[in-house]
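> My structure is in work_8.cif, and what it holds is mmCIF, C-alpha atoms:
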data_run
#
loop_
_atom_site.label_atom_id
_atom_site.label_comp_id
_atom_site.auth_asym_id
_atom_site.auth_seq_id
_atom_site.Cartn_x
_atom_site.Cartn_y
_atom_site.Cartn_z
CA MET A 1 -38.10 -64.95 -19.04
CA GLU A 2 -40.24 -64.81 -15.91
CA ALA A 3 -40.25 -61.02 -15.95
CA ARG A 4 -41.29 -61.02 -19.60
CA ALA A 5 -44.05 -63.52 -18.89
CA GLN A 6 -45.30 -61.34 -16.04
CA ARG A 7 -45.30 -58.27 -18.31
CA ASP A 8 -47.21 -60.19 -20.97
CA ALA A 9 -49.75 -61.37 -18.39
CA THR A 10 -50.16 -57.84 -17.04
CA ALA A 11 -50.63 -56.47 -20.55
CA ALA A 12 -53.20 -59.16 -21.30
CA ARG A 13 -55.14 -58.32 -18.13
CA ARG A 14 -55.09 -54.62 -19.00
CA GLY A 15 -56.26 -55.36 -22.52
CA GLY A 16 -59.06 -57.52 -21.21
CA ALA A 17 -60.11 -54.79 -18.77
CA VAL A 18 -60.15 -52.18 -21.56
CA ALA A 19 -62.19 -54.47 -23.80
CA GLY A 20 -64.58 -55.23 -20.94
CA ARG A 21 -65.12 -51.52 -20.23
CA ALA A 22 -65.73 -50.88 -23.92
CA LEU A 23 -68.29 -53.69 -24.17
CA ASP A 24 -70.08 -52.41 -21.06
CA ALA A 25 -70.08 -48.92 -22.56
CA PHE A 26 -71.56 -50.12 -25.86
CA GLU A 27 -74.22 -52.02 -23.92
CA GLN A 28 -75.08 -48.87 -21.94
CA LEU A 29 -75.20 -46.83 -25.14
CA ALA A 30 -77.58 -49.33 -26.70
CA GLY A 31 -79.81 -49.25 -23.62
CA GLY A 32 -79.66 -45.45 -23.64
CA LEU A 33 -80.68 -45.44 -27.30
CA ALA A 34 -83.78 -47.51 -26.52
CA THR A 35 -84.70 -45.14 -23.70
CA ALA A 36 -84.02 -42.14 -25.96
CA VAL A 37 -86.48 -43.46 -28.55
CA LEU A 38 -89.12 -43.75 -25.84
CA ALA A 39 -88.22 -40.24 -24.69
CA VAL A 40 -88.82 -38.90 -28.21
CA VAL A 41 -92.27 -40.49 -28.27
CA ALA A 42 -93.13 -39.21 -24.77
CA LEU A 43 -91.87 -35.70 -25.56
CA LEU A 44 -93.91 -35.54 -28.78
CA TRP A 45 -96.99 -36.68 -26.86
CA VAL A 46 -96.46 -33.99 -24.22
CA VAL A 47 -96.01 -31.33 -26.93
CA VAL A 48 -99.16 -32.46 -28.76
CA CYS A 49 -101.17 -32.37 -25.53
CA ALA A 50 -99.76 -28.93 -24.68
CA VAL A 51 -100.77 -27.59 -28.10
CA ALA A 52 -104.21 -29.18 -27.71
CA CYS A 53 -104.70 -27.11 -24.55
CA VAL A 54 -105.42 -24.19 -26.87
CA VAL A 55 -108.74 -25.81 -27.79
CA GLY A 56 -109.31 -27.19 -24.29
CA VAL A 57 -108.83 -30.90 -25.06
CA GLY A 58 -105.24 -30.92 -23.88
CA PHE A 59 -106.22 -30.19 -20.29
CA TRP A 60 -107.73 -33.68 -20.15
CA LEU A 61 -104.83 -35.38 -21.97
CA LEU A 62 -101.86 -33.64 -20.37
CA PRO A 63 -101.95 -35.50 -16.99
CA GLY A 64 -101.72 -38.82 -18.83
CA ALA A 65 -98.82 -37.48 -20.91
CA LEU A 66 -96.99 -36.44 -17.74
CA ARG A 67 -97.48 -39.93 -16.29
CA ALA A 68 -96.11 -41.39 -19.54
CA ALA A 69 -93.07 -39.13 -19.13
CA ARG A 70 -92.70 -40.42 -15.57
CA ALA A 71 -92.80 -44.03 -16.83
CA VAL A 72 -89.99 -43.34 -19.33
CA SER A 73 -88.03 -41.48 -16.65
CA ASP A 74 -88.39 -44.40 -14.25
CA ARG A 75 -87.06 -46.69 -16.96
CA GLU A 76 -83.99 -44.46 -17.26
CA ARG A 77 -83.59 -44.42 -13.47
CA ALA A 78 -83.60 -48.22 -13.44
CA ARG A 79 -81.02 -48.30 -16.26
CA LEU A 80 -78.74 -45.86 -14.48
CA THR A 81 -79.09 -47.80 -11.22
CA ARG A 82 -77.96 -51.01 -12.92
CA SER A 83 -74.81 -49.34 -14.22
CA GLY A 84 -73.82 -47.23 -11.23
CA ARG A 85 -75.10 -45.35 -8.23
CA GLU A 86 -78.75 -45.86 -7.32
CA VAL A 87 -81.17 -43.24 -8.65
CA ILE A 88 -84.23 -43.02 -6.42
CA GLY A 89 -87.56 -42.11 -7.98
CA PRO A 90 -89.77 -39.29 -6.65
CA HIS A 91 -93.29 -39.45 -5.30
CA PRO A 92 -96.15 -40.18 -7.77
CA VAL A 93 -97.27 -37.51 -10.21
CA PRO A 94 -100.04 -35.38 -8.64
CA ASP A 95 -103.51 -35.95 -10.09
CA ARG A 96 -104.31 -32.25 -10.47
CA LEU A 97 -102.75 -30.66 -13.54
CA GLY A 98 -101.70 -27.48 -11.72
CA ALA A 99 -99.97 -29.40 -8.95
CA ALA A 100 -98.27 -31.67 -11.49
CA LEU A 101 -96.90 -28.74 -13.49
CA ALA A 102 -95.70 -27.09 -10.27
CA ASP A 103 -93.89 -30.27 -9.19
CA THR A 104 -90.12 -29.84 -9.44
CA ALA A 105 -89.59 -33.52 -10.29
CA VAL A 106 -92.05 -33.31 -13.21
CA ARG A 107 -90.35 -30.20 -14.63
CA ARG A 108 -86.94 -31.82 -14.36
CA GLU A 109 -88.26 -34.93 -16.12
CA LEU A 110 -89.51 -32.77 -18.99
CA GLY A 111 -86.04 -31.24 -19.24
CA TRP A 112 -84.51 -34.71 -19.30
CA LEU A 113 -86.90 -35.73 -22.11
CA ALA A 114 -85.54 -32.89 -24.22
CA CYS A 115 -81.92 -33.90 -23.49
CA ALA A 116 -82.53 -37.59 -24.10
CA SER A 117 -84.40 -36.89 -27.35
CA THR A 118 -81.41 -34.98 -28.73
CA LEU A 119 -78.06 -35.69 -27.09
CA GLY A 120 -79.00 -39.15 -25.83
CA LEU A 121 -80.39 -40.22 -29.19
CA LEU A 122 -77.33 -38.91 -31.06
CA LEU A 123 -74.85 -40.63 -28.74
CA GLY A 124 -76.83 -43.88 -28.87
CA LEU A 125 -76.78 -43.87 -32.67
CA LEU A 126 -73.05 -43.13 -32.70
CA GLY A 127 -72.50 -45.87 -30.12
CA LEU A 128 -74.09 -48.41 -32.46
CA THR A 129 -72.81 -47.22 -35.84
CA LEU A 130 -69.21 -46.46 -34.80
CA PRO A 131 -68.19 -50.05 -33.93
CA LEU A 132 -70.13 -51.46 -36.89
CA ASN A 133 -68.40 -49.11 -39.34
CA ALA A 134 -65.03 -49.76 -37.68
CA ALA A 135 -65.52 -53.53 -38.04
CA ARG A 136 -66.62 -53.06 -41.66
CA ASP A 137 -63.51 -51.07 -42.56
CA ALA A 138 -61.16 -53.35 -40.58
CA THR A 139 -62.31 -56.31 -42.69
CA PHE A 140 -62.51 -54.33 -45.94
CA VAL A 141 -59.52 -56.06 -47.49
CA LEU A 142 -61.25 -59.45 -47.16
CA TRP A 143 -64.43 -58.70 -49.11
CA TRP A 144 -63.97 -55.60 -51.27
CA ARG A 145 -63.41 -57.62 -54.50
CA SER A 146 -66.62 -59.63 -53.98
CA VAL A 147 -69.04 -56.67 -54.11
CA ALA A 148 -70.10 -54.35 -56.88
CA GLU A 149 -67.86 -51.39 -57.61
CA GLU A 150 -70.30 -48.81 -56.26
CA TYR A 151 -70.11 -50.48 -52.81
CA ARG A 152 -66.27 -50.42 -52.63
CA SER A 153 -66.08 -47.32 -50.47
CA PRO A 154 -64.98 -46.88 -46.85
CA SER A 155 -67.44 -45.81 -44.22
CA PHE A 156 -65.56 -42.56 -43.55
CA GLY A 157 -65.34 -41.34 -47.16
CA PRO A 158 -67.32 -41.20 -50.42
CA TRP A 159 -64.58 -42.34 -52.82
CA ILE A 160 -64.38 -45.71 -54.57
CA VAL A 161 -61.46 -48.07 -53.86
CA GLU A 162 -59.96 -49.34 -57.10
CA GLY A 163 -56.86 -51.26 -56.03
CA TRP A 164 -55.23 -53.31 -53.31
CA ALA A 165 -53.31 -50.34 -51.97
CA GLY A 166 -56.51 -48.49 -51.26
CA ALA A 167 -58.10 -51.58 -49.73
CA VAL A 168 -55.15 -52.06 -47.36
CA ALA A 169 -55.28 -48.36 -46.44
CA VAL A 170 -59.00 -48.66 -45.62
CA THR A 171 -58.31 -51.72 -43.48
CA LEU A 172 -55.56 -49.94 -41.54
CA ALA A 173 -57.87 -46.99 -41.03
CA GLY A 174 -60.52 -49.45 -39.85
CA PHE A 175 -58.20 -50.74 -37.12
CA ALA A 176 -57.61 -47.14 -36.09
CA TRP A 177 -61.37 -46.65 -35.91
CA VAL A 178 -61.66 -49.76 -33.72
CA ALA A 179 -59.10 -48.32 -31.30
CA ILE A 180 -60.91 -44.97 -31.31
CA ALA A 181 -64.28 -46.66 -30.69
CA VAL A 182 -62.89 -48.67 -27.78
CA GLY A 183 -61.32 -45.54 -26.29
CA VAL A 184 -64.23 -43.13 -26.62
CA ALA A 185 -67.09 -45.52 -25.84
CA PRO A 186 -66.84 -45.13 -22.01
CA TRP A 187 -66.77 -41.34 -22.36
CA MET A 188 -69.81 -41.43 -24.65
CA ALA A 189 -71.68 -43.66 -22.19
CA ARG A 190 -70.92 -41.30 -19.30
CA LEU A 191 -71.97 -38.29 -21.36
CA GLN A 192 -75.20 -40.00 -22.35
CA ALA A 193 -75.98 -40.85 -18.71
CA TRP A 194 -75.05 -37.41 -17.34
CA PRO A 195 -78.41 -35.64 -18.01
CA GLY A 196 -80.29 -38.48 -16.34
CA ARG A 197 -78.10 -38.46 -13.25
CA ARG A 198 -78.28 -34.66 -13.12
CA LEU A 199 -82.01 -34.20 -13.71
CA LEU A 200 -83.64 -37.45 -12.56
CA SER A 201 -81.88 -37.74 -9.20
CA PRO A 202 -83.77 -36.20 -6.27
CA ASP A 203 -82.41 -33.26 -4.30
CA ARG A 204 -79.94 -34.15 -1.55
CA GLY A 205 -82.47 -33.38 1.17
CA THR A 206 -85.17 -35.38 -0.60
CA ASP A 207 -82.78 -38.29 -1.08
CA LEU A 208 -81.90 -38.28 2.60
CA ALA A 209 -85.56 -38.05 3.67
CA MET A 210 -86.56 -40.94 1.40
CA ARG A 211 -83.71 -43.09 2.68
CA VAL A 212 -84.66 -42.32 6.28
CA GLN A 213 -88.25 -43.28 5.48
CA GLU A 214 -87.09 -46.50 3.82
CA LEU A 215 -84.84 -47.36 6.75
CA THR A 216 -87.67 -46.63 9.19
CA ALA A 217 -89.98 -48.99 7.31
CA THR A 218 -87.25 -51.64 7.14
CA ARG A 219 -86.58 -51.29 10.89
CA ALA A 220 -90.29 -51.62 11.64
CA GLY A 221 -90.48 -54.76 9.52
CA ALA A 222 -87.42 -56.21 11.27
CA LEU A 223 -88.94 -55.48 14.68
CA ASP A 224 -92.23 -57.10 13.67
CA ALA A 225 -90.38 -60.18 12.42
CA HIS A 226 -88.36 -60.31 15.64
CA ALA A 227 -91.53 -60.05 17.74
CA ALA A 228 -93.20 -62.81 15.71
CA GLU A 229 -90.15 -65.03 16.18
CA LEU A 230 -90.20 -64.43 19.95
CA ARG A 231 -93.90 -65.34 20.07
CA ARG A 232 -93.18 -68.53 18.12
CA ILE A 233 -90.41 -69.54 20.51
CA GLU A 234 -92.62 -68.72 23.52
CA ARG A 235 -95.45 -70.87 22.14
CA SER A 236 -93.04 -73.73 21.46
CA LEU A 237 -91.68 -73.61 25.01
CA HIS A 238 -95.09 -73.11 26.62
CA ASP A 239 -97.07 -75.70 24.67
CA GLY A 240 -94.35 -78.32 24.41
CA THR A 241 -91.36 -78.28 26.70
CA GLN A 242 -93.10 -76.68 29.68
CA ASN A 243 -95.91 -79.26 29.61
CA ARG A 244 -93.37 -82.07 29.49
CA ILE A 245 -91.48 -80.68 32.48
CA VAL A 246 -94.74 -80.29 34.43
CA ALA A 247 -95.55 -83.91 33.64
CA VAL A 248 -92.09 -84.96 34.86
CA SER A 249 -92.66 -83.05 38.13
CA LEU A 250 -96.06 -84.65 38.69
CA LEU A 251 -94.76 -88.14 37.92
CA LEU A 252 -91.79 -87.69 40.27
CA GLY A 253 -94.14 -86.52 43.03
CA ALA A 254 -96.40 -89.51 42.50
CA ALA A 255 -93.37 -91.84 42.47
CA GLN A 256 -92.13 -90.31 45.74
CA ARG A 257 -95.48 -90.93 47.41
CA ALA A 258 -95.69 -94.44 45.95
CA LEU A 259 -92.19 -95.18 47.22
CA ALA A 260 -93.38 -94.53 50.77
CA ARG A 261 -96.37 -96.87 50.34
CA ASP A 262 -95.12 -99.59 47.99
CA PRO A 263 -91.70 -99.38 46.33
CA ALA A 264 -92.89 -101.66 43.50
CA GLU A 265 -95.38 -99.07 42.30
CA ALA A 266 -92.69 -96.39 42.00
CA GLY A 267 -90.84 -98.17 39.18
CA PRO A 268 -93.41 -97.59 36.38
CA LEU A 269 -93.90 -93.98 37.50
CA LEU A 270 -90.15 -93.31 37.37
CA ALA A 271 -89.97 -94.88 33.90
CA ARG A 272 -92.78 -92.61 32.67
CA ALA A 273 -91.05 -89.61 34.23
CA GLN A 274 -87.82 -90.54 32.43
CA ASP A 275 -89.67 -90.81 29.10
CA ALA A 276 -91.31 -87.42 29.65
CA ALA A 277 -87.92 -85.89 30.53
CA GLU A 278 -86.37 -87.32 27.34
CA GLN A 279 -89.25 -85.96 25.24
CA ALA A 280 -88.86 -82.54 26.89
CA LEU A 281 -85.14 -82.64 26.06
CA VAL A 282 -85.90 -83.50 22.42
CA GLU A 283 -88.39 -80.64 22.14
CA LEU A 284 -85.97 -78.24 23.83
CA ARG A 285 -83.27 -79.19 21.31
CA ALA A 286 -85.75 -78.63 18.48
CA VAL A 287 -86.53 -75.15 19.81
CA ALA A 288 -82.80 -74.38 20.09
CA ARG A 289 -82.25 -75.55 16.50
CA SER A 290 -85.13 -73.33 15.35
CA ILE A 291 -83.36 -70.30 16.83
CA LEU A 292 -80.09 -70.99 14.97
CA PRO A 293 -79.33 -74.48 13.65
CA ALA A 294 -75.95 -75.71 14.86
CA VAL A 295 -75.18 -77.19 11.45
CA LEU A 296 -75.07 -73.64 10.02
CA GLU A 297 -72.32 -72.71 12.43
CA HIS A 298 -70.22 -75.85 12.12
CA ARG A 299 -70.78 -76.84 8.49
CA SER A 300 -72.62 -74.98 5.68
CA LEU A 301 -76.00 -73.89 4.36
CA SER A 302 -76.05 -76.76 1.86
CA ASP A 303 -75.62 -79.28 4.69
CA ALA A 304 -78.40 -77.64 6.72
CA LEU A 305 -80.77 -77.67 3.74
CA SER A 306 -79.84 -81.30 3.07
CA GLY A 307 -81.06 -82.09 6.58
CA LEU A 308 -84.35 -80.31 5.93
CA ALA A 309 -84.82 -82.16 2.65
CA ALA A 310 -84.03 -85.51 4.25
CA THR A 311 -86.52 -85.05 7.09
CA SER A 312 -89.35 -83.66 4.95
CA PRO A 313 -92.41 -85.98 4.85
CA VAL A 314 -92.85 -85.05 1.18
CA PRO A 315 -89.90 -86.36 -0.88
CA CYS A 316 -87.62 -83.40 -1.48
CA ARG A 317 -84.64 -83.03 -3.83
CA LEU A 318 -81.99 -80.42 -3.09
CA ASP A 319 -80.24 -78.77 -6.05
CA ALA A 320 -77.48 -76.69 -4.50
CA ALA A 321 -74.32 -75.75 -6.35
CA ASP A 322 -71.09 -74.76 -4.61
CA ILE A 323 -72.36 -71.57 -2.99
CA GLY A 324 -69.67 -71.28 -0.34
CA ARG A 325 -70.30 -69.48 2.94
CA CYS A 326 -72.49 -66.42 3.27
CA ALA A 327 -73.12 -64.04 6.14
CA ALA A 328 -74.62 -65.77 9.18
CA SER A 329 -77.81 -63.70 8.94
CA VAL A 330 -78.22 -64.58 5.25
CA GLU A 331 -77.74 -68.30 5.87
CA ALA A 332 -80.17 -68.27 8.80
CA THR A 333 -82.77 -66.40 6.75
CA ALA A 334 -82.40 -68.82 3.82
CA TYR A 335 -82.67 -71.81 6.17
CA PHE A 336 -85.87 -70.61 7.81
CA VAL A 337 -87.42 -69.60 4.47
CA VAL A 338 -86.87 -73.10 3.09
CA ALA A 339 -88.07 -74.68 6.34
CA GLU A 340 -91.30 -72.66 6.26
CA ALA A 341 -91.83 -73.36 2.56
CA LEU A 342 -91.40 -77.12 3.04
CA THR A 343 -93.79 -77.00 6.00
CA ASN A 344 -96.40 -75.30 3.80
CA VAL A 345 -95.83 -77.94 1.12
CA VAL A 346 -96.58 -80.68 3.64
CA ARG A 347 -99.63 -78.95 5.13
CA HIS A 348 -101.35 -77.35 2.17
CA SER A 349 -100.10 -78.42 -1.26
CA GLN A 350 -100.84 -82.17 -1.29
CA ALA A 351 -97.79 -82.46 -3.55
CA GLN A 352 -96.01 -85.70 -4.32
CA SER A 353 -92.52 -84.19 -4.38
CA SER A 354 -90.66 -80.90 -4.04
CA VAL A 355 -87.39 -79.37 -5.26
CA VAL A 356 -85.23 -76.79 -3.48
CA THR A 357 -82.83 -74.90 -5.77
CA VAL A 358 -80.05 -72.71 -4.36
CA ARG A 359 -77.80 -70.56 -6.52
CA ARG A 360 -75.26 -67.84 -5.74
CA ILE A 361 -74.99 -65.11 -8.38
CA ASP A 362 -72.26 -62.60 -7.56
CA ASP A 363 -73.21 -61.28 -4.11
CA ARG A 364 -76.82 -62.51 -4.21
CA LEU A 365 -78.26 -65.80 -2.96
CA GLU A 366 -81.30 -67.06 -4.86
CA LEU A 367 -83.70 -69.67 -3.47
CA ALA A 368 -86.52 -71.47 -5.28
CA VAL A 369 -88.89 -74.02 -3.74
CA GLN A 370 -91.15 -75.89 -6.16
CA ASP A 371 -93.66 -78.66 -5.60
#
Have the structure of the file written as structure tokens, please.


Amino acid sequence: MEARAQRDATAARRGGAVAGRALDAFEQLAGGLATAVLAVVALLWVVVCAVACVVGVGFWLLPGALRAARAVSDRERARLTRSGREVIGPHPVPDRLGAALADTAVRRELGWLACASTLGLLLGLLGLTLPLNAARDATFVLWWRSVAEEYRSPSFGPWIVEGWAGAVAVTLAGFAWVAIAVGVAPWMARLQAWPGRRLLSPDRGTDLAMRVQELTATRAGALDAHAAELRRIERSLHDGTQNRIVAVSLLLGAAQRALARDPAEAGPLLARAQDAAEQALVELRAVARSILPAVLEHRSLSDALSGLAATSPVPCRLDAADIGRCAASVEATAYFVVAEALTNVVRHSQAQSSVVTVRRIDDRLELAVQD
């Protein structure tokens, strides 16, 4: 019995996975159909502008048509990125018509427009009509008697069904169509996406160069942020803790001299030195917490944000679901972003209240601070 239950559970998981892949494929086919319609419009506009070059007007219109083709191509790149490997866009379309027509990326985009306007449009239409017709035929036996005789025909044939035997046969064929649609939908989606991944992706060298440029910019931003954080810590130590320690040193020196003259005068000076030392310790702890709050290491991000909300001068409500633990760098970044935002609320917004919302969606952490 246990083995049978395990087989049933495995079969159910496999069936759910197949259905999930089919639904994703139909969604991609629908998105590809929308992009294909835009590609048809863009391609027609490019053709019209090219024909208008015969009378000279097209030379003024063609650069705008090429930018419209780039906009549709970028939409396809974004769609392909959401469903698979990232497709990086090229540099902007050159302003000069000759340079734009000589651009390899522009020529490849025009080739993709032709593919999307034909193959992509056909596959998108099939991706929408195939499951609809399959569902219609699979339920044929339930409604065929309630419609007029001229509508009692299956989607895959022109004949009229006149009896229950034919209606049952159409329904069985409809279930077969459902199985075929579920099986071929992923292949159709991959075939529809293939021209875009082939023609809209940059060359391997270009891809590598763009990624190196992006990483260089990201590294420069990280170094700037690190330098700014070091300057902030230096200012906190110099303007706060260091001044307190200097005050403690001066007070202890004065108390030492007073002790030689009159021991009674040394008591108040020592008390002031102790207060200054305690304040320096408090400020030093605050600086240490600003580097990496201890609560992040020992507890969680929600607990750390609860502390920020509780100590905010402006009443703050924390709306944090069960987000679990994230990477230490992610939690530290989220903590400091919320801390800075609440500080700006106190200093600049003159708000009466604020709300911090934290949500985890798949592998992303989303923060929202409202006042």

> Within 12 Å of range 76-85 of chain A, counting only C-alpha atoms, which residues qualify if same-chain residues fewer than 6 places away don't, as an MDAnalysis selection string?

chainID A and resid 21 24:25 27:39 69:70 109 112:113 116 120 186 189:190 192:202

> For a quick check of understanding, using all atoms listed in the file, which of A:Ala17, A:Asp262, A:Arg360, A:Ala309 has the smallest distance to Thr343 in chain A?

A:Ala309

> Can you tell me how far CA of Gly166 in chain A sits from CA of Leu130 in chain A, in Å to one decimal?

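Distance between the two atoms: 20.9 Å.
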
> For the atom pair CA of Val355 in chain A and CA of Ser300 in chain A, what is the interatomic distance in Å to one decimal place?

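Result for CA of Val355 in chain A versus CA of Ser300 in chain A: 18.9 Å, one decimal.
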
> For Arg136 in chain A, list every protein, DNA or RNA residue within 12 Å, evaluated using only C-alpha atoms, and leave out those in the same chain fewer than 6 positions away; present the list as a ChimeraX atom specification.

/A:129-130,142-144,151-156,167,170-175,177-178

> My list of candidates is A:Ser302, A:Thr104, A:Ser73, A:Gln256. Which is closest to Ala320 in chain A when distances are computed with only C-alpha atoms?

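Between A:Ser302, A:Thr104, A:Ser73, A:Gln256, the residue approaching Ala320 in chain A most closely is A:Ser302.
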
> If the PyMOL selection byres ((chain A and resi 306) around 12) is run on the structure shown, which residues does it catch, given as JSON, numbers by chain?

{"A": [295, 296, 299, 300, 301, 302, 303, 304, 305, 307, 308, 309, 310, 311, 312, 315, 316, 317, 318, 319, 320, 335, 338, 339, 355, 356, 357, 358]}

> Which one of A:Gln242, A:Val314, A:Arg359, A:Leu119 sits closest to Leu281 in chain A if you count all atoms listed in the file?

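Answer, going by the shortest atom-to-atom distance: A:Gln242.
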
> Running the PyMOL selection byres ((chain A and resi 62) around 9) on this model by hand, what would come out? Give it as a ChimeraX atom specification.

/A:45-46,48-50,52-53,57-61,63-67,97

> Would you write out those residues with C-alpha atoms, as a tab-separated table (two decimals), keeping the file's coordinate frame?


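This went into part-v3.tsv:
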chain	number	residue	atom	x	y	z
A	45	TRP	CA	-96.99	-36.68	-26.86
A	46	VAL	CA	-96.46	-33.99	-24.22
A	48	VAL	CA	-99.16	-32.46	-28.76
A	49	CYS	CA	-101.17	-32.37	-25.53
A	50	ALA	CA	-99.76	-28.93	-24.68
A	52	ALA	CA	-104.21	-29.18	-27.71
A	53	CYS	CA	-104.70	-27.11	-24.55
A	57	VAL	CA	-108.83	-30.90	-25.06
A	58	GLY	CA	-105.24	-30.92	-23.88
A	59	PHE	CA	-106.22	-30.19	-20.29
A	60	TRP	CA	-107.73	-33.68	-20.15
A	61	LEU	CA	-104.83	-35.38	-21.97
A	63	PRO	CA	-101.95	-35.50	-16.99
A	64	GLY	CA	-101.72	-38.82	-18.83
A	65	ALA	CA	-98.82	-37.48	-20.91
A	66	LEU	CA	-96.99	-36.44	-17.74
A	67	ARG	CA	-97.48	-39.93	-16.29
A	97	LEU	CA	-102.75	-30.66	-13.54

> Using all atoms listed in the file, find the one residue out of A:Cys326, A:Ala247, A:Leu126, A:Ala334 that sits nearest to Val184 in chain A.

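Selected residue with least distance to Val184 in chain A: A:Leu126.
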
> So how far away is CA of Glu265 in chain A from CA of Gln279 in chain A, in Å?

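Spanning CA of Gln279 in chain A to CA of Glu265 in chain A is a straight-line distance of 22.4 Å.
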
> Find the spatial neighbours of Ser249 in chain A, counting all atoms listed in the file, within a cut-off of 12 Å - ignore same-chain residues fewer than 3 positions away - and output them as a VMD selection string.

chain A and resid 242 to 246 252 to 256 269 to 270 272 to 274 276 to 277 280

> Would you mind exporting C-alpha atoms of the selected residues as a PDB file, keeping the file's coordinate frame?


ATOM      1  CA  GLN A 242     -93.100 -76.680  29.680  1.00  0.00           C
ATOM      2  CA  ASN A 243     -95.910 -79.260  29.610  1.00  0.00           C
ATOM      3  CA  ARG A 244     -93.370 -82.070  29.490  1.00  0.00           C
ATOM      4  CA  ILE A 245     -91.480 -80.680  32.480  1.00  0.00           C
ATOM      5  CA  VAL A 246     -94.740 -80.290  34.430  1.00  0.00           C
ATOM      6  CA  LEU A 252     -91.790 -87.690  40.270  1.00  0.00           C
ATOM      7  CA  GLY A 253     -94.140 -86.520  43.030  1.00  0.00           C
ATOM      8  CA  ALA A 254     -96.400 -89.510  42.500  1.00  0.00           C
ATOM      9  CA  ALA A 255     -93.370 -91.840  42.470  1.00  0.00           C
ATOM     10  CA  GLN A 256     -92.130 -90.310  45.740  1.00  0.00           C
ATOM     11  CA  LEU A 269     -93.900 -93.980  37.500  1.00  0.00           C
ATOM     12  CA  LEU A 270     -90.150 -93.310  37.370  1.00  0.00           C
ATOM     13  CA  ARG A 272     -92.780 -92.610  32.670  1.00  0.00           C
ATOM     14  CA  ALA A 273     -91.050 -89.610  34.230  1.00  0.00           C
ATOM     15  CA  GLN A 274     -87.820 -90.540  32.430  1.00  0.00           C
ATOM     16  CA  ALA A 276     -91.310 -87.420  29.650  1.00  0.00           C
ATOM     17  CA  ALA A 277     -87.920 -85.890  30.530  1.00  0.00           C
ATOM     18  CA  ALA A 280     -88.860 -82.540  26.890  1.00  0.00           C
TER      19      ALA A 280
END
